[in-house]
Amino acid sequence: MTLPTLPSVQGTDPDRVVLDSFRVAVAEQVAKALRISIGQAYQAVDIGKKGCDFSVPMPRLQPRISDPSLKGLDAKQLVQKVVQEFVPNDYIAHVVAADKFLHFEAKSSTLMRLVLDQIHALSRSAPSSREGYGTNSWGAGKTLVMEFSSPNIAKPFHAGHLRSTIIGTFIANVYEANGWNVVRMNYLGDWGKQFGLLAVGFERYGSREELEKDAIMHLFNVYVSVNADVEREKQIGQGRETSRLADEYFHRMEKGDESALGLWQEFRDLSIKRYKETYQRLNVAFTVYAGESLVSPDGIKRALDTLREKGLLTEKTIEESEVNKSSWKKIVPASDPEADTSSGKKDGQGSEEIKPAWAVDLGSLGKPVLQKPNGTSIYIVRDIAGAIQRYQTYSFDKMIYVVGDQQDLHFKQFFKILGLMGEQFVDRLEHVNFGRVNGMSTRKGKVKFLDDILDAAREAMLTQMEKNPEKASAISHPEVTSDQIGMTAVKVQDMQAKRIISYDFDLNRMTSFEGDTGPYLQYAHVRLCSLERTVAPELVLPSSVSEIDTSLLTEPKARDIVLLLASYPDVVRSSFETREPCTVVKFCFRLSHLISSAWESLIVKGRERELALARLYLYLCARDVLASAMRLLSLVPLEYM
Ligand code: ARG
């Protein structure tokens, strides 16, 4: 097929974004008729809503028109002008006036050919998330530091951490698909007084063997036991021995005492080892395990010095700072009752003498304490110094923190303080937030560990499958399959709506095969895969797909599918701009619905060979695009069920 050559337009990439060719072809016609530049015209070409392929709103272009012969015309007259001068070609077949809009129709045979061939070529040659169909190179050379997940060692992995893990992975994938270089960073809560407490607890309740087996669970149990000791001592009003020992221990850690740090290091290493296993199960990986402990003490000191030099630190009595701590408490996830003992909330020292603390007055954003009387560092200061340290290490173009909306105030304060310190890079920081999950519990009760959630989802999936024994018997590895579909269920439920919306954790609903659920998506993909298996070996795509006669795909349904597939690169771009995974989830559902409504009319099996091949080609391209979109969401598309 030889097509007319198109002018090149900045910001377009027809070799990877097939619709760009058609948009440029529309822009060419509009630019010629209205005597404006092709770049200006291109900006006004939208993908058409129902009923047309592309639309151009004339009011958007009107201010750009300067040609004297056109100056006096109103929007409708300008629309007419374009319609009169329109010359159909191999890209654009038709135009109609719709009030102040122009509606263009792509030439179907060209559309079928170019879209399917591009999908096929890019999916075969570069199936990776970096170069495959849907990706682009607009972000080439730029670096994103992506901080997400960030659980606290020896504390529960709560719903906020799960959402951060799921959404963070998606955003990292999307940046990569837009050409960025991405550093995936897990910022562990691995520092603070609770590690003193943990060390004391380990002497009393710890077991080496248990620690090696499952550090996360064991440290949590030790932590619960030693906290009970603290509470008991408080109740009987004597000693506070445990708390004192913990303080001493953590003090040694902060001083850099190697014997104290040795145990902590072991806790950290073994916890990371255990986390990695679960993250792997979840199809999530990190470039670096950072943590609060790794923020350099020098950096913290420098940050405080800068603030003091700039006259930003004001004295606060300890009573006042207590007030501040209770407002601080609100920004710590509610489901984490022990959160941030490091800020000194549970210091258990009773009547402390009145010493000054240092705070910064941020007006309407409050007055966060930055330095406590006892000198231990504070969460927000670790974030301030940590950001500077990361900028020195990565000189990132962008850094995103994916953390729940309970910490909105914290991030506003922390960014504001960096700005006051004169750090220019603060413009590159962004807090991507999300709403809460209600009722995340399993049959065993409240969730403490990530594996509990995933196990519960797997069990629920197995139950679903057992309800349908016929299907169940066809599943070769029910354990593995139910685990994968279970995780798909959890992830899809999490990414289905705008991030900020809270939702109820509903195992029954999310694991159903009915409705817009993760299992439904997996099923749609499996069905596309099984088509290829059922028609083979009689029907296989030729190695040179140009032999396939795509002009046989004349049904409106086929055209709808192809247009939707063609919009996928735009979906990837727009979810990059909004950081909203739901854009991609919605695309997956639209595609799955469209395909499921096509099975009855676009039949492959038993059809005349040429027609069957063309349809098979269409379905396999749809399969590849669905799989790419699922992978972008960090799902593992299944081939069998
Ligand atoms: N570990 C913290 C928590 O569980 C989340 C850390 C968020 N990231 C940050 N840079 N402050 O609440």
# chains A, B, ... in the order shown; residues from 1 in each chain; ligands from 1

call {"tool": "residues_near_ligand", "arguments": {"ligand": "ligand 1", "cutoff": "7 Å", "atoms": "only C-alpha atoms and all ligand atoms", "output": "list in words"}}
result
Ser150, Pro151, Asn152, His161, Tyr187, Leu188, Gly189, Val332, Pro333, Asp383, Tyr401 and Val403 of chain A

call {"tool": "residues_around", "arguments": {"residues": "Lys605 (chain A)", "least_positions_apart": "5", "cutoff": "9 Å", "atoms": "only C-alpha atoms", "output": "list of chain:residue names"}}
result
A:Leu531, A:Thr534, A:Val535, A:Ala612

call {"tool": "residues_around", "arguments": {"residues": "His218 (chain A)", "least_positions_apart": "3", "cutoff": "12 Å", "atoms": "only C-alpha atoms", "output": "list in words"}}
result
Ile153, Ala154, Lys155, Pro156, Leu198, Gly201, Phe202, Tyr205, Gly206, Ser207, Arg208, Glu209, Glu210, Leu211, Glu212, Lys213, Asp214, Ala215, Asn221, Val222, Tyr223, Val224, Ser225, Phe267, Leu270, Ser271, Arg274, Lys448 and Phe449 of chain A

call {"tool": "write_last_selection", "arguments": {"atoms": "N, CA and C atoms", "output": "PDB file, in the first residue's frame"}}
result
ATOM      1  N   ILE A 153       9.016  -1.638  59.405  1.00  0.00           N
ATOM      2  CA  ILE A 153       9.462  -2.929  59.925  1.00  0.00           C
ATOM      3  C   ILE A 153       8.865  -3.158  61.318  1.00  0.00           C
ATOM      4  N   ALA A 154       8.426  -4.389  61.547  1.00  0.00           N
ATOM      5  CA  ALA A 154       7.822  -4.814  62.819  1.00  0.00           C
ATOM      6  C   ALA A 154       6.433  -4.237  63.066  1.00  0.00           C
ATOM      7  N   LYS A 155       5.858  -3.608  62.064  1.00  0.00           N
ATOM      8  CA  LYS A 155       4.487  -3.084  62.178  1.00  0.00           C
ATOM      9  C   LYS A 155       3.639  -3.751  61.088  1.00  0.00           C
ATOM     10  N   PRO A 156       2.323  -3.654  61.206  1.00  0.00           N
ATOM     11  CA  PRO A 156       1.487  -4.281  60.170  1.00  0.00           C
ATOM     12  C   PRO A 156       1.673  -3.610  58.807  1.00  0.00           C
ATOM     13  N   LEU A 198      12.362  -3.088  70.108  1.00  0.00           N
ATOM     14  CA  LEU A 198      12.419  -4.385  69.447  1.00  0.00           C
ATOM     15  C   LEU A 198      13.640  -5.188  69.928  1.00  0.00           C
ATOM     16  N   GLY A 201      12.933  -6.410  73.331  1.00  0.00           N
ATOM     17  CA  GLY A 201      11.952  -7.487  73.189  1.00  0.00           C
ATOM     18  C   GLY A 201      12.587  -8.759  72.661  1.00  0.00           C
ATOM     19  N   PHE A 202      13.534  -8.600  71.760  1.00  0.00           N
ATOM     20  CA  PHE A 202      14.152  -9.783  71.151  1.00  0.00           C
ATOM     21  C   PHE A 202      14.921 -10.594  72.191  1.00  0.00           C
ATOM     22  N   TYR A 205      11.891 -12.344  74.045  1.00  0.00           N
ATOM     23  CA  TYR A 205      10.931 -13.217  73.350  1.00  0.00           C
ATOM     24  C   TYR A 205      11.423 -13.745  72.001  1.00  0.00           C
ATOM     25  N   GLY A 206      12.605 -13.301  71.595  1.00  0.00           N
ATOM     26  CA  GLY A 206      13.046 -13.607  70.240  1.00  0.00           C
ATOM     27  C   GLY A 206      13.547 -15.031  70.054  1.00  0.00           C
ATOM     28  N   SER A 207      13.487 -15.469  68.802  1.00  0.00           N
ATOM     29  CA  SER A 207      14.052 -16.762  68.460  1.00  0.00           C
ATOM     30  C   SER A 207      14.761 -16.621  67.121  1.00  0.00           C
ATOM     31  N   ARG A 208      15.999 -17.011  67.112  1.00  0.00           N
ATOM     32  CA  ARG A 208      16.806 -16.941  65.880  1.00  0.00           C
ATOM     33  C   ARG A 208      16.120 -17.699  64.738  1.00  0.00           C
ATOM     34  N   GLU A 209      15.651 -18.865  65.126  1.00  0.00           N
ATOM     35  CA  GLU A 209      15.072 -19.749  64.123  1.00  0.00           C
ATOM     36  C   GLU A 209      13.854 -19.089  63.454  1.00  0.00           C
ATOM     37  N   GLU A 210      12.987 -18.543  64.318  1.00  0.00           N
ATOM     38  CA  GLU A 210      11.782 -17.883  63.802  1.00  0.00           C
ATOM     39  C   GLU A 210      12.156 -16.676  62.946  1.00  0.00           C
ATOM     40  N   LEU A 211      13.183 -15.973  63.376  1.00  0.00           N
ATOM     41  CA  LEU A 211      13.620 -14.782  62.662  1.00  0.00           C
ATOM     42  C   LEU A 211      14.058 -15.134  61.245  1.00  0.00           C
ATOM     43  N   GLU A 212      14.817 -16.220  61.146  1.00  0.00           N
ATOM     44  CA  GLU A 212      15.294 -16.647  59.827  1.00  0.00           C
ATOM     45  C   GLU A 212      14.120 -17.095  58.961  1.00  0.00           C
ATOM     46  N   LYS A 213      13.152 -17.733  59.597  1.00  0.00           N
ATOM     47  CA  LYS A 213      12.040 -18.295  58.843  1.00  0.00           C
ATOM     48  C   LYS A 213      11.142 -17.201  58.266  1.00  0.00           C
ATOM     49  N   ASP A 214      10.707 -16.299  59.117  1.00  0.00           N
ATOM     50  CA  ASP A 214       9.834 -15.232  58.656  1.00  0.00           C
ATOM     51  C   ASP A 214      10.027 -14.006  59.547  1.00  0.00           C
ATOM     52  N   ALA A 215      11.001 -13.202  59.166  1.00  0.00           N
ATOM     53  CA  ALA A 215      11.386 -12.062  60.001  1.00  0.00           C
ATOM     54  C   ALA A 215      10.217 -11.118  60.243  1.00  0.00           C
ATOM     55  N   ASN A 221       5.514 -10.081  66.146  1.00  0.00           N
ATOM     56  CA  ASN A 221       5.090 -10.735  67.386  1.00  0.00           C
ATOM     57  C   ASN A 221       5.919 -10.279  68.585  1.00  0.00           C
ATOM     58  N   VAL A 222       7.223 -10.174  68.370  1.00  0.00           N
ATOM     59  CA  VAL A 222       8.094  -9.698  69.447  1.00  0.00           C
ATOM     60  C   VAL A 222       7.671  -8.285  69.859  1.00  0.00           C
ATOM     61  N   TYR A 223       7.371  -7.492  68.868  1.00  0.00           N
ATOM     62  CA  TYR A 223       7.009  -6.111  69.122  1.00  0.00           C
ATOM     63  C   TYR A 223       5.720  -6.017  69.942  1.00  0.00           C
ATOM     64  N   VAL A 224       4.768  -6.867  69.586  1.00  0.00           N
ATOM     65  CA  VAL A 224       3.502  -6.886  70.323  1.00  0.00           C
ATOM     66  C   VAL A 224       3.763  -7.283  71.785  1.00  0.00           C
ATOM     67  N   SER A 225       4.595  -8.321  71.983  1.00  0.00           N
ATOM     68  CA  SER A 225       4.864  -8.785  73.351  1.00  0.00           C
ATOM     69  C   SER A 225       5.561  -7.715  74.185  1.00  0.00           C
ATOM     70  N   PHE A 267      17.835  -7.403  61.664  1.00  0.00           N
ATOM     71  CA  PHE A 267      16.372  -7.277  61.559  1.00  0.00           C
ATOM     72  C   PHE A 267      15.996  -6.715  60.189  1.00  0.00           C
ATOM     73  N   LEU A 270      16.874  -9.210  57.170  1.00  0.00           N
ATOM     74  CA  LEU A 270      15.976 -10.363  57.079  1.00  0.00           C
ATOM     75  C   LEU A 270      14.550  -9.931  56.726  1.00  0.00           C
ATOM     76  N   SER A 271      14.164  -8.758  57.178  1.00  0.00           N
ATOM     77  CA  SER A 271      12.828  -8.268  56.802  1.00  0.00           C
ATOM     78  C   SER A 271      12.781  -7.997  55.302  1.00  0.00           C
ATOM     79  N   ARG A 274      12.381 -11.107  53.339  1.00  0.00           N
ATOM     80  CA  ARG A 274      11.014 -11.611  53.386  1.00  0.00           C
ATOM     81  C   ARG A 274      10.071 -10.738  52.536  1.00  0.00           C
ATOM     82  N   LYS A 448      -2.660  -8.209  59.094  1.00  0.00           N
ATOM     83  CA  LYS A 448      -1.394  -7.711  59.609  1.00  0.00           C
ATOM     84  C   LYS A 448      -0.302  -7.760  58.548  1.00  0.00           C
ATOM     85  N   PHE A 449      -0.376  -8.770  57.709  1.00  0.00           N
ATOM     86  CA  PHE A 449       0.701  -8.955  56.746  1.00  0.00           C
ATOM     87  C   PHE A 449       0.151  -8.996  55.331  1.00  0.00           C
TER      88      PHE A 449
END

call {"tool": "residues_around", "arguments": {"residues": "Gln413 (chain A)", "least_positions_apart": "3", "cutoff": "12 Å", "atoms": "only C-alpha atoms", "output": "PyMOL selection string"}}
result
chain A and resi 328+331+359-370+379-381+383-384+407-410+416-420+426+431

call {"tool": "write_last_selection", "arguments": {"atoms": "N, CA and C atoms", "output": "PDB file, in the first residue's frame"}}
result
ATOM      1  N   TRP A 328      -0.160  15.822  64.639  1.00  0.00           N
ATOM      2  CA  TRP A 328       0.734  14.978  63.853  1.00  0.00           C
ATOM      3  C   TRP A 328       0.198  13.556  63.790  1.00  0.00           C
ATOM      4  N   ILE A 331      -1.952  12.393  60.955  1.00  0.00           N
ATOM      5  CA  ILE A 331      -1.446  12.107  59.620  1.00  0.00           C
ATOM      6  C   ILE A 331      -0.753  10.755  59.555  1.00  0.00           C
ATOM      7  N   ALA A 359      10.466  24.633  66.203  1.00  0.00           N
ATOM      8  CA  ALA A 359       9.442  24.392  65.198  1.00  0.00           C
ATOM      9  C   ALA A 359       9.562  25.438  64.099  1.00  0.00           C
ATOM     10  N   VAL A 360       8.837  25.225  63.015  1.00  0.00           N
ATOM     11  CA  VAL A 360       8.827  26.242  61.964  1.00  0.00           C
ATOM     12  C   VAL A 360       7.371  26.656  61.756  1.00  0.00           C
ATOM     13  N   ASP A 361       7.169  27.965  61.690  1.00  0.00           N
ATOM     14  CA  ASP A 361       5.809  28.486  61.591  1.00  0.00           C
ATOM     15  C   ASP A 361       5.404  28.573  60.122  1.00  0.00           C
ATOM     16  N   LEU A 362       4.451  27.743  59.733  1.00  0.00           N
ATOM     17  CA  LEU A 362       4.050  27.713  58.318  1.00  0.00           C
ATOM     18  C   LEU A 362       2.678  28.353  58.116  1.00  0.00           C
ATOM     19  N   GLY A 363       2.280  29.185  59.049  1.00  0.00           N
ATOM     20  CA  GLY A 363       0.988  29.864  58.897  1.00  0.00           C
ATOM     21  C   GLY A 363      -0.146  28.871  58.870  1.00  0.00           C
ATOM     22  N   SER A 364      -0.922  28.917  57.783  1.00  0.00           N
ATOM     23  CA  SER A 364      -2.117  28.065  57.718  1.00  0.00           C
ATOM     24  C   SER A 364      -1.752  26.575  57.698  1.00  0.00           C
ATOM     25  N   LEU A 365      -0.508  26.268  57.385  1.00  0.00           N
ATOM     26  CA  LEU A 365      -0.109  24.852  57.359  1.00  0.00           C
ATOM     27  C   LEU A 365       0.358  24.354  58.725  1.00  0.00           C
ATOM     28  N   GLY A 366       0.267  25.191  59.734  1.00  0.00           N
ATOM     29  CA  GLY A 366       0.600  24.733  61.079  1.00  0.00           C
ATOM     30  C   GLY A 366       2.041  25.027  61.471  1.00  0.00           C
ATOM     31  N   LYS A 367       2.429  24.412  62.551  1.00  0.00           N
ATOM     32  CA  LYS A 367       3.737  24.724  63.128  1.00  0.00           C
ATOM     33  C   LYS A 367       4.434  23.428  63.514  1.00  0.00           C
ATOM     34  N   PRO A 368       4.902  22.679  62.526  1.00  0.00           N
ATOM     35  CA  PRO A 368       5.493  21.378  62.862  1.00  0.00           C
ATOM     36  C   PRO A 368       6.809  21.514  63.629  1.00  0.00           C
ATOM     37  N   VAL A 369       6.984  20.614  64.576  1.00  0.00           N
ATOM     38  CA  VAL A 369       8.230  20.563  65.339  1.00  0.00           C
ATOM     39  C   VAL A 369       9.306  19.894  64.488  1.00  0.00           C
ATOM     40  N   LEU A 370      10.470  20.489  64.446  1.00  0.00           N
ATOM     41  CA  LEU A 370      11.561  19.911  63.660  1.00  0.00           C
ATOM     42  C   LEU A 370      12.680  19.364  64.532  1.00  0.00           C
ATOM     43  N   TYR A 379      10.523  12.411  61.901  1.00  0.00           N
ATOM     44  CA  TYR A 379      10.050  11.965  60.574  1.00  0.00           C
ATOM     45  C   TYR A 379      10.168  13.054  59.503  1.00  0.00           C
ATOM     46  N   ILE A 380       9.606  14.223  59.767  1.00  0.00           N
ATOM     47  CA  ILE A 380       9.564  15.264  58.727  1.00  0.00           C
ATOM     48  C   ILE A 380      10.974  15.756  58.383  1.00  0.00           C
ATOM     49  N   VAL A 381      11.845  15.776  59.370  1.00  0.00           N
ATOM     50  CA  VAL A 381      13.206  16.246  59.097  1.00  0.00           C
ATOM     51  C   VAL A 381      13.958  15.194  58.287  1.00  0.00           C
ATOM     52  N   ASP A 383      12.568  13.383  56.133  1.00  0.00           N
ATOM     53  CA  ASP A 383      12.087  13.561  54.766  1.00  0.00           C
ATOM     54  C   ASP A 383      12.774  14.746  54.077  1.00  0.00           C
ATOM     55  N   ILE A 384      12.953  15.830  54.822  1.00  0.00           N
ATOM     56  CA  ILE A 384      13.587  17.019  54.236  1.00  0.00           C
ATOM     57  C   ILE A 384      15.027  16.690  53.829  1.00  0.00           C
ATOM     58  N   GLN A 407      -1.598  11.613  54.941  1.00  0.00           N
ATOM     59  CA  GLN A 407      -0.350  12.361  55.087  1.00  0.00           C
ATOM     60  C   GLN A 407      -0.303  13.602  54.191  1.00  0.00           C
ATOM     61  N   ASP A 408      -1.445  14.034  53.690  1.00  0.00           N
ATOM     62  CA  ASP A 408      -1.479  15.238  52.847  1.00  0.00           C
ATOM     63  C   ASP A 408      -0.787  16.425  53.524  1.00  0.00           C
ATOM     64  N   LEU A 409      -1.147  16.640  54.790  1.00  0.00           N
ATOM     65  CA  LEU A 409      -0.586  17.800  55.496  1.00  0.00           C
ATOM     66  C   LEU A 409       0.928  17.656  55.644  1.00  0.00           C
ATOM     67  N   HIS A 410       1.353  16.457  55.978  1.00  0.00           N
ATOM     68  CA  HIS A 410       2.791  16.218  56.130  1.00  0.00           C
ATOM     69  C   HIS A 410       3.540  16.625  54.863  1.00  0.00           C
ATOM     70  N   LYS A 416       6.846  22.695  51.603  1.00  0.00           N
ATOM     71  CA  LYS A 416       6.895  24.120  51.914  1.00  0.00           C
ATOM     72  C   LYS A 416       8.233  24.470  52.580  1.00  0.00           C
ATOM     73  N   ILE A 417       8.645  23.622  53.524  1.00  0.00           N
ATOM     74  CA  ILE A 417       9.892  23.896  54.243  1.00  0.00           C
ATOM     75  C   ILE A 417      11.086  23.849  53.282  1.00  0.00           C
ATOM     76  N   LEU A 418      11.083  22.870  52.383  1.00  0.00           N
ATOM     77  CA  LEU A 418      12.180  22.808  51.407  1.00  0.00           C
ATOM     78  C   LEU A 418      12.226  24.090  50.583  1.00  0.00           C
ATOM     79  N   GLY A 419      11.054  24.590  50.223  1.00  0.00           N
ATOM     80  CA  GLY A 419      10.972  25.838  49.466  1.00  0.00           C
ATOM     81  C   GLY A 419      11.555  26.993  50.269  1.00  0.00           C
ATOM     82  N   LEU A 420      11.178  27.073  51.548  1.00  0.00           N
ATOM     83  CA  LEU A 420      11.694  28.151  52.402  1.00  0.00           C
ATOM     84  C   LEU A 420      13.207  28.068  52.544  1.00  0.00           C
ATOM     85  N   VAL A 426      12.451  21.664  44.651  1.00  0.00           N
ATOM     86  CA  VAL A 426      11.157  21.350  45.262  1.00  0.00           C
ATOM     87  C   VAL A 426      10.033  21.311  44.217  1.00  0.00           C
ATOM     88  N   HIS A 431       3.445  14.783  45.603  1.00  0.00           N
ATOM     89  CA  HIS A 431       2.815  13.764  46.444  1.00  0.00           C
ATOM     90  C   HIS A 431       1.598  13.249  45.692  1.00  0.00           C
TER      91      HIS A 431
END

call {"tool": "select_by_dssp", "arguments": {"residues": "region 345-573 of chain A", "states": "helix (DSSP H, G or I)", "output": "JSON, numbers by chain"}}
result
{"A": [363, 364, 365, 379, 380, 381, 382, 383, 384, 385, 386, 387, 388, 389, 390, 391, 392, 393, 394, 405, 406, 407, 408, 409, 410, 411, 412, 413, 414, 415, 416, 417, 418, 419, 420, 424, 425, 426, 427, 428, 450, 451, 452, 453, 454, 455, 456, 457, 458, 459, 460, 461, 462, 463, 464, 465, 466, 469, 470, 471, 472, 473, 474, 478, 479, 480, 481, 482, 483, 484, 485, 486, 487, 488, 489, 490, 491, 492, 493, 494, 495, 507, 508, 509, 510, 518, 519, 520, 521, 522, 523, 524, 525, 526, 527, 528, 529, 530, 531, 532, 533, 534, 535, 545, 546, 547, 550, 551, 552, 556, 557, 558, 559, 560, 561, 562, 563, 564, 565, 566, 568, 569, 570, 571, 572, 573]}

call {"tool": "residues_around", "arguments": {"residues": "Phe22 (chain A)", "least_positions_apart": "6", "cutoff": "8 Å", "atoms": "only C-alpha atoms", "output": "ChimeraX atom specification"}}
result
/A:91-92,106

call {"tool": "closest_atom_pairs", "arguments": {"of": "region 442-547 of chain A", "to": "region 574-587 of chain A", "cutoff": "7 Å", "atoms": "only C-alpha atoms", "output": "Markdown table"}}
result
| residue | atom | partner | partner_atom | distance |
| --- | --- | --- | --- | --- |
| A:Met495 | CA | A:Cys582 | CA | 5.4 |
| A:Gln496 | CA | A:Cys582 | CA | 4.9 |
| A:Ala497 | CA | A:Cys582 | CA | 5.4 |
| A:Lys498 | CA | A:Cys582 | CA | 6.1 |
| A:Arg499 | CA | A:Glu580 | CA | 6.6 |

call {"tool": "write_last_selection", "arguments": {"atoms": "C-alpha atoms", "output": "tab-separated table (two decimals), in the first residue's frame"}}
result
chain	number	residue	atom	x	y	z
A	495	MET	CA	-7.24	0.78	40.53
A	496	GLN	CA	-10.79	0.84	39.23
A	497	ALA	CA	-11.80	4.29	40.41
A	498	LYS	CA	-10.00	7.60	40.77
A	499	ARG	CA	-7.26	7.24	43.37

call {"tool": "closest_residue", "arguments": {"among": "A:Leu61, A:Glu532, A:Arg204, A:Gly422", "to": "Thr306 (chain A)", "atoms": "only C-alpha atoms"}}
result
A:Gly422

call {"tool": "closest_residue", "arguments": {"among": "A:Thr143, A:Thr376, A:Ser164, A:Ser55", "to": "Arg252 (chain A)", "atoms": "only C-alpha atoms"}}
result
A:Thr376

call {"tool": "closest_residue", "arguments": {"among": "A:Glu147, A:Glu231, A:Asp269, A:Glu292", "to": "Asp190 (chain A)", "atoms": "only C-alpha atoms"}}
result
A:Glu292

call {"tool": "residues_around", "arguments": {"residues": "region 240-247 of chain A", "least_positions_apart": "6", "cutoff": "9 Å", "atoms": "only C-alpha atoms", "output": "ChimeraX atom specification"}}
result
/A:193-201,226-227,229-234,346-349

call {"tool": "select_by_dssp", "arguments": {"residues": "region 45-158 of chain A", "states": "strand (DSSP E)", "output": "short mmCIF file (atom, residue, chain, number, x, y, z; two decimals) with C-alpha atoms, in the first residue's frame"}}
result
data_model
loop_
_atom_site.label_atom_id
_atom_site.label_comp_id
_atom_site.auth_asym_id
_atom_site.auth_seq_id
_atom_site.Cartn_x
_atom_site.Cartn_y
_atom_site.Cartn_z
CA ASP A 46 -9.47 15.41 18.95
CA ILE A 47 -10.43 11.78 18.85
CA PHE A 54 -11.89 12.83 14.65
CA SER A 55 -13.40 16.14 15.51
CA VAL A 56 -12.10 19.69 15.30
CA PRO A 57 -13.80 22.40 17.36
CA ILE A 92 -9.27 10.74 5.45
CA ALA A 93 -12.32 9.74 3.48
CA HIS A 94 -14.93 12.20 4.51
CA VAL A 95 -15.80 15.35 6.43
CA VAL A 96 -19.11 16.79 7.62
CA ALA A 97 -20.04 20.02 9.33
CA ALA A 98 -21.65 19.67 12.74
CA PHE A 101 -17.39 21.34 14.72
CA LEU A 102 -15.83 19.42 11.88
CA HIS A 103 -16.27 15.66 11.91
CA PHE A 104 -13.76 13.60 9.96
CA GLU A 105 -13.86 9.97 9.02
CA ALA A 106 -10.74 7.91 8.46
CA THR A 143 14.82 10.37 35.46
CA LEU A 144 12.00 9.75 37.89
CA VAL A 145 12.56 8.72 41.48
CA MET A 146 9.46 6.83 42.42
CA GLU A 147 8.96 6.21 46.12
#

call {"tool": "closest_residue", "arguments": {"among": "A:Thr317, A:Arg390, A:Trp264, A:His477", "to": "Ala290 (chain A)", "atoms": "only C-alpha atoms"}}
result
A:Arg390

call {"tool": "closest_residue", "arguments": {"among": "A:Arg302, A:Lys471, A:Arg607, A:Lys491", "to": "Thr169 (chain A)", "atoms": "only C-alpha atoms"}}
result
A:Lys491

call {"tool": "residues_around", "arguments": {"residues": "region 254-256 of chain A", "least_positions_apart": "2", "cutoff": "12 Å", "atoms": "only C-alpha atoms", "output": "number ranges by chain"}}
result
A: 191-193, 195-196, 247-252, 258-262, 264-265, 293-297, 342, 374-377
